[in-house]
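Enquirer: My questions will all concern the structure given below.
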Amino acid sequence: MARRLGIYTLGHFMSLSGAQSYYLKKLWNPLLENYESWELSQLSTSTEDLKIIEQSLEGMSITHEQILGGFFPLSERVECLERVKVEFSKNFNNLAQILSMEVHKPLSLAKAECERCLLTLQGSIDLGRELLKDPPLMKATLGTQVNTQLSGESSPQPRRLIFGITPFNFPLNLSLHKIAPALLAGAPMIWRPSQKGQLSGLALIDILHAAKVPAGLIAYLPMTNECFWEVLKDSRIEAISFTGSAAVGWELQKKFRGPSILELGGSAPTYVENIKGDELRKALKSILASAYSFAGQSCISTQSVHIHEDIFEEAKKILIEETKSFKIGKTWDENTLCSSVIDEAAQERIEKSLKKAEKAGATLHRTVQLDIPNFVAPTLVEKANEELLTEEIFAPVLCLQKVKDFAEFQSFANKLSHRLQCAVFSQEESTLKKARLLDFGGVSLNATSSVRIDDLPYGGRGLAGLGAECPKTSWEFSAPYKTFYKPK
């Protein structure tokens with residue numbers, strides 16, 4: 001008999017069955033053997049499911065009122081986050097295995113994501129301790145022409161209800177980037193995971209439940225697209241924190257028209273100049289790891305590398321050689337860096353894009369093709385078409401371009417519509433200084449575009465997003481200032 005898994009709301013796990021449920025498919029990963037009969041639930045627009053959502057919204061609104069009245073103060077929120085971190089550490093290996101199994105993330109990279117989760121939690125804990133030492137409070141007085149004075153006092157107040165939406169590629173860490181600051185702020189959050197990362201999300205919810213997060217502060221509500229757009233109309237939802245595709249993100253902002261944080265990805269270009277020998281090989285290997293690891297399914301994985309003409313031929317030779325020997329394999333092999341993409345549809349989309357580029361004159365240098373489901377061989381592309389160069393492909397694909405100088409790269413990069421992160425490798429201080437003029441949310445200097453420090457603001461320019469995420473900025477988003485006035 002299938003074990004039905006589904007939703008978590010108001011402190012209780014619930015299960016659904018019927019047309020909106022689906023079985024987790026058994027793939028080639030042996031870790032799946034214990035999970036092959038698990039059935040995952042999706043809320044629909046049925047009367048029964050909408051009733052569950054209504055109960056969640058109403059219960060979370062009551063919790064919000066209780067928090068405003070003094071329930072679950074900041075000191076207890078910090079202690080709760082500390083318990084979450086302890087529970088996460090205790091279950092570290094199981095979480096990494098579920099993550100690897102579900103989204104086909106190589107086990108070594110799954111463990112790296114779990115390590116980052118602990119850092120993300122610690123960042124919110126540290127912020128909470130700072131807030132306890134120095135509570136944020138702003139005061140001022142105003143004198144009028146008739147000598148009447150007003151005093152004002154402003155302090156953070158938790159939002160009524162935040163809707164958090166997360167993608168499949170980092171189903172644990174990107175979720176904690178939203179959940180931990182909201183919990184610290186005392187702001188209730190409805191979390192809608194990607195269907196493709198739903199089991200990982202349930203594992204994280206189990207951690208939060210074990211850590212005794214108060215009922216009404218977090219609801220885990222996987223739902224169909226139709227149901228999602230219907231729930232979004234509810235006036236009790238005050239704000240949205242979304243990570244995912246640009247098309248969905250901007251459609252969401254258009255329909256919601258409220259406070260939002262949007263993280264929408266980019267094509268992550270990289271420039272390389274004035275490096276030779278072993279240092280050049282080291283830099284290029286790190287760029288390839290950025291481009292190909294986890295099958296390039298990161299919004300900041302390097303998608304194009306622009307090599308100065310003086311070192312282009314040497315760099316090209318190294319890139320082709322290292323591409324063909326890149327560590328590919330099955331996810332449970334600790335040496336694997338690139339395995340399957342998320343599903344068959346993604347594989348078909350990527351291969352179609354590569355064939356289109358090849359037909360337009362591109363040359364493809366690829367690793368061997370493995371006989372495992374949904375595998376896309378890491379691919380270095382010479383003479384790429386505009387689509388591969390400018391649009392996010394979300395795949396183990398790296399475009400190779402020759403440029404005459406940094407100015408040519410800067411002109412290309414700053415015209416991209418989605419400018420999340422980029423990178424510059426150079427031994428010239430003048431170039432590294434110019435790199436600060438690149439109009440991106442993040443610029444890596446002699447490091448890859450995949451670098452992210454979870455304590456620092458993360459967000460893009462142009463169509464790459466709106467706002468930025470890190471413990472501090474997400475806490476500020478979750479608890480905007482509210483001012484009270486009175487005569488002095």
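Please note that chains go A, B, ... in the order of the structure tokens, that every chain numbers its residues from 1, and that ligands are numbered from 1 in the order shown.
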Which residues come within 6 Å of range 388-405 of chain A, counting only C-alpha atoms, excluding same-chain residues fewer than 3 positions away, as a PDB file with N, CA and C atoms, in the first residue's frame?
Expert:
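Saved as part.pdb:
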ATOM      1  N   GLY A 266      19.528  34.134 -14.450  1.00  0.00           N
ATOM      2  CA  GLY A 266      20.294  34.860 -15.454  1.00  0.00           C
ATOM      3  C   GLY A 266      21.171  33.905 -16.237  1.00  0.00           C
ATOM      4  N   SER A 267      22.039  34.477 -17.081  1.00  0.00           N
ATOM      5  CA  SER A 267      22.891  33.631 -17.930  1.00  0.00           C
ATOM      6  C   SER A 267      24.363  33.690 -17.542  1.00  0.00           C
ATOM      7  N   ALA A 291      29.835  25.674 -14.586  1.00  0.00           N
ATOM      8  CA  ALA A 291      28.927  25.474 -15.723  1.00  0.00           C
ATOM      9  C   ALA A 291      28.263  24.106 -15.717  1.00  0.00           C
ATOM     10  N   TYR A 292      28.988  23.063 -15.321  1.00  0.00           N
ATOM     11  CA  TYR A 292      28.508  21.696 -15.516  1.00  0.00           C
ATOM     12  C   TYR A 292      27.997  21.001 -14.252  1.00  0.00           C
ATOM     13  N   ALA A 295      24.481  19.459 -13.402  1.00  0.00           N
ATOM     14  CA  ALA A 295      23.946  19.619 -14.762  1.00  0.00           C
ATOM     15  C   ALA A 295      23.581  21.064 -15.067  1.00  0.00           C
ATOM     16  N   GLY A 296      24.312  22.008 -14.475  1.00  0.00           N
ATOM     17  CA  GLY A 296      24.089  23.428 -14.771  1.00  0.00           C
ATOM     18  C   GLY A 296      22.757  23.961 -14.292  1.00  0.00           C
ATOM     19  N   GLN A 297      22.102  23.250 -13.390  1.00  0.00           N
ATOM     20  CA  GLN A 297      20.756  23.648 -12.959  1.00  0.00           C
ATOM     21  C   GLN A 297      20.803  24.608 -11.768  1.00  0.00           C
ATOM     22  N   GLN A 303      27.352  30.358 -17.959  1.00  0.00           N
ATOM     23  CA  GLN A 303      26.779  29.933 -19.238  1.00  0.00           C
ATOM     24  C   GLN A 303      27.626  30.357 -20.431  1.00  0.00           C
ATOM     25  N   SER A 304      28.438  31.392 -20.258  1.00  0.00           N
ATOM     26  CA  SER A 304      29.333  31.792 -21.357  1.00  0.00           C
ATOM     27  C   SER A 304      30.649  32.280 -20.775  1.00  0.00           C
ATOM     28  N   VAL A 305      31.745  31.902 -21.427  1.00  0.00           N
ATOM     29  CA  VAL A 305      33.063  32.351 -20.997  1.00  0.00           C
ATOM     30  C   VAL A 305      33.704  33.114 -22.151  1.00  0.00           C
ATOM     31  N   HIS A 306      34.136  34.336 -21.881  1.00  0.00           N
ATOM     32  CA  HIS A 306      34.648  35.265 -22.884  1.00  0.00           C
ATOM     33  C   HIS A 306      36.146  35.427 -22.631  1.00  0.00           C
ATOM     34  N   ILE A 307      36.948  34.863 -23.536  1.00  0.00           N
ATOM     35  CA  ILE A 307      38.398  34.782 -23.356  1.00  0.00           C
ATOM     36  C   ILE A 307      39.098  35.851 -24.187  1.00  0.00           C
ATOM     37  N   HIS A 308      40.013  36.563 -23.551  1.00  0.00           N
ATOM     38  CA  HIS A 308      40.804  37.562 -24.276  1.00  0.00           C
ATOM     39  C   HIS A 308      41.560  36.887 -25.408  1.00  0.00           C
ATOM     40  N   GLU A 309      41.641  37.539 -26.550  1.00  0.00           N
ATOM     41  CA  GLU A 309      42.235  36.957 -27.754  1.00  0.00           C
ATOM     42  C   GLU A 309      43.686  36.517 -27.557  1.00  0.00           C
ATOM     43  N   PRO A 378      27.828  17.170 -20.569  1.00  0.00           N
ATOM     44  CA  PRO A 378      28.414  18.505 -20.505  1.00  0.00           C
ATOM     45  C   PRO A 378      28.949  18.920 -21.870  1.00  0.00           C
ATOM     46  N   THR A 379      28.625  20.143 -22.266  1.00  0.00           N
ATOM     47  CA  THR A 379      28.865  20.584 -23.648  1.00  0.00           C
ATOM     48  C   THR A 379      29.515  21.953 -23.695  1.00  0.00           C
ATOM     49  N   LEU A 380      30.647  22.033 -24.383  1.00  0.00           N
ATOM     50  CA  LEU A 380      31.301  23.308 -24.682  1.00  0.00           C
ATOM     51  C   LEU A 380      30.912  23.706 -26.100  1.00  0.00           C
ATOM     52  N   VAL A 381      30.398  24.921 -26.261  1.00  0.00           N
ATOM     53  CA  VAL A 381      29.852  25.356 -27.550  1.00  0.00           C
ATOM     54  C   VAL A 381      30.706  26.490 -28.125  1.00  0.00           C
ATOM     55  N   GLU A 382      31.279  26.248 -29.300  1.00  0.00           N
ATOM     56  CA  GLU A 382      31.955  27.318 -30.051  1.00  0.00           C
ATOM     57  C   GLU A 382      30.987  27.930 -31.058  1.00  0.00           C
ATOM     58  N   ASN A 385      24.896  30.446 -30.970  1.00  0.00           N
ATOM     59  CA  ASN A 385      23.897  31.385 -31.461  1.00  0.00           C
ATOM     60  C   ASN A 385      23.466  32.314 -30.319  1.00  0.00           C
ATOM     61  N   GLU A 408      34.778  45.026 -24.612  1.00  0.00           N
ATOM     62  CA  GLU A 408      33.867  44.253 -25.451  1.00  0.00           C
ATOM     63  C   GLU A 408      32.983  43.347 -24.596  1.00  0.00           C
TER      64      GLU A 408
END
Enquirer: Considering only C-alpha atoms, return as a PDB file with N, CA and C atoms, in the first residue's frame whatever protein or nucleic-acid residues lie within 10 Å of Leu432 in chain A, sequence-local ones (same chain, fewer than 4 positions apart) excluded.
Expert:
ATOM      1  N   PHE A 406      38.333  43.800 -22.276  1.00  0.00           N
ATOM      2  CA  PHE A 406      37.268  43.822 -21.287  1.00  0.00           C
ATOM      3  C   PHE A 406      36.098  44.687 -21.737  1.00  0.00           C
ATOM      4  N   VAL A 424      34.751  37.838 -13.304  1.00  0.00           N
ATOM      5  CA  VAL A 424      35.914  38.340 -14.040  1.00  0.00           C
ATOM      6  C   VAL A 424      37.164  37.716 -13.439  1.00  0.00           C
ATOM      7  N   PHE A 425      37.981  37.089 -14.303  1.00  0.00           N
ATOM      8  CA  PHE A 425      39.270  36.538 -13.899  1.00  0.00           C
ATOM      9  C   PHE A 425      40.375  37.359 -14.563  1.00  0.00           C
ATOM     10  N   SER A 426      41.218  37.975 -13.762  1.00  0.00           N
ATOM     11  CA  SER A 426      42.302  38.785 -14.321  1.00  0.00           C
ATOM     12  C   SER A 426      43.343  39.058 -13.245  1.00  0.00           C
ATOM     13  N   GLN A 427      44.597  39.279 -13.681  1.00  0.00           N
ATOM     14  CA  GLN A 427      45.656  39.703 -12.769  1.00  0.00           C
ATOM     15  C   GLN A 427      45.910  41.203 -12.879  1.00  0.00           C
ATOM     16  N   GLU A 428      45.108  41.859 -13.692  1.00  0.00           N
ATOM     17  CA  GLU A 428      45.234  43.308 -13.870  1.00  0.00           C
ATOM     18  C   GLU A 428      44.311  44.039 -12.901  1.00  0.00           C
ATOM     19  N   ARG A 436      33.833  46.389 -11.382  1.00  0.00           N
ATOM     20  CA  ARG A 436      32.838  46.878 -10.439  1.00  0.00           C
ATOM     21  C   ARG A 436      31.754  47.703 -11.134  1.00  0.00           C
ATOM     22  N   LEU A 437      31.993  48.054 -12.404  1.00  0.00           N
ATOM     23  CA  LEU A 437      30.998  48.812 -13.164  1.00  0.00           C
ATOM     24  C   LEU A 437      30.023  47.901 -13.904  1.00  0.00           C
ATOM     25  N   SER A 444      31.758  38.437  -9.247  1.00  0.00           N
ATOM     26  CA  SER A 444      32.831  37.661  -8.627  1.00  0.00           C
ATOM     27  C   SER A 444      34.163  38.042  -9.256  1.00  0.00           C
ATOM     28  N   LEU A 445      35.143  38.357  -8.435  1.00  0.00           N
ATOM     29  CA  LEU A 445      36.469  38.744  -8.908  1.00  0.00           C
ATOM     30  C   LEU A 445      37.446  37.605  -8.630  1.00  0.00           C
ATOM     31  N   ASN A 446      37.935  36.995  -9.703  1.00  0.00           N
ATOM     32  CA  ASN A 446      38.814  35.827  -9.623  1.00  0.00           C
ATOM     33  C   ASN A 446      38.147  34.679  -8.842  1.00  0.00           C
TER      34      ASN A 446
END
Enquirer: Please provide as number ranges by chain all residues within 9 Å of Leu264 in chain A, with the sequence filter that same-chain residues fewer than 5 positions apart are discarded (counting only C-alpha atoms).
Expert: A: 242-250, 299, 418, 420, 459-460, 463-466
Enquirer: Range 150-154 of chain A: which residues within 8 Å, counting only C-alpha atoms, same-chain residues fewer than 2 positions away excluded, as number ranges by chain?
Expert: A: 137-143, 148, 156, 481-488
Enquirer: What would the file look like if the residues just selected were written as a CSV table (one decimal), in the first residue's frame with C-alpha atoms?
Expert:
chain,number,residue,atom,x,y,z
A,137,LEU,CA,13.5,51.2,17.4
A,138,MET,CA,13.3,54.7,15.9
A,139,LYS,CA,12.0,57.8,17.8
A,140,ALA,CA,11.5,61.4,16.8
A,141,THR,CA,9.5,64.5,17.7
A,142,LEU,CA,8.0,67.2,15.6
A,143,GLY,CA,7.2,70.8,16.7
A,148,THR,CA,2.3,71.6,19.6
A,156,PRO,CA,9.3,46.2,13.0
A,481,TYR,CA,8.5,49.1,10.2
A,482,LYS,CA,5.2,50.4,11.7
A,483,THR,CA,5.0,53.9,13.3
A,484,PHE,CA,2.8,55.1,16.1
A,485,TYR,CA,2.2,58.8,16.7
A,486,LYS,CA,0.9,60.6,19.8
A,487,PRO,CA,1.1,64.1,21.4
A,488,LYS,CA,4.1,64.6,23.5
Enquirer: If you run DSSP on the backbone, which residues of range 146-260 of chain A are strand (DSSP E or B), as a list in words?
Expert: Gln149, Leu150, Ser151, Gly152, Glu153, Ser154, Ser155, Pro156, Ile162, Phe163, Gly164, Ile165, Met189, Ile190, Trp191, Arg192, Ile218, Ala219, Tyr220, Met223, Ala239, Ile240, Ser241, Phe242, Thr243 and Ser260 of chain A
Enquirer: Taking into account only C-alpha atoms, which residue in the set A:Asp206, A:Glu251, A:Glu263, A:Glu54 is nearest to Asn91 in chain A?
Expert: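 With only C-alpha atoms as the atom set, the closest residue is A:Asp206.
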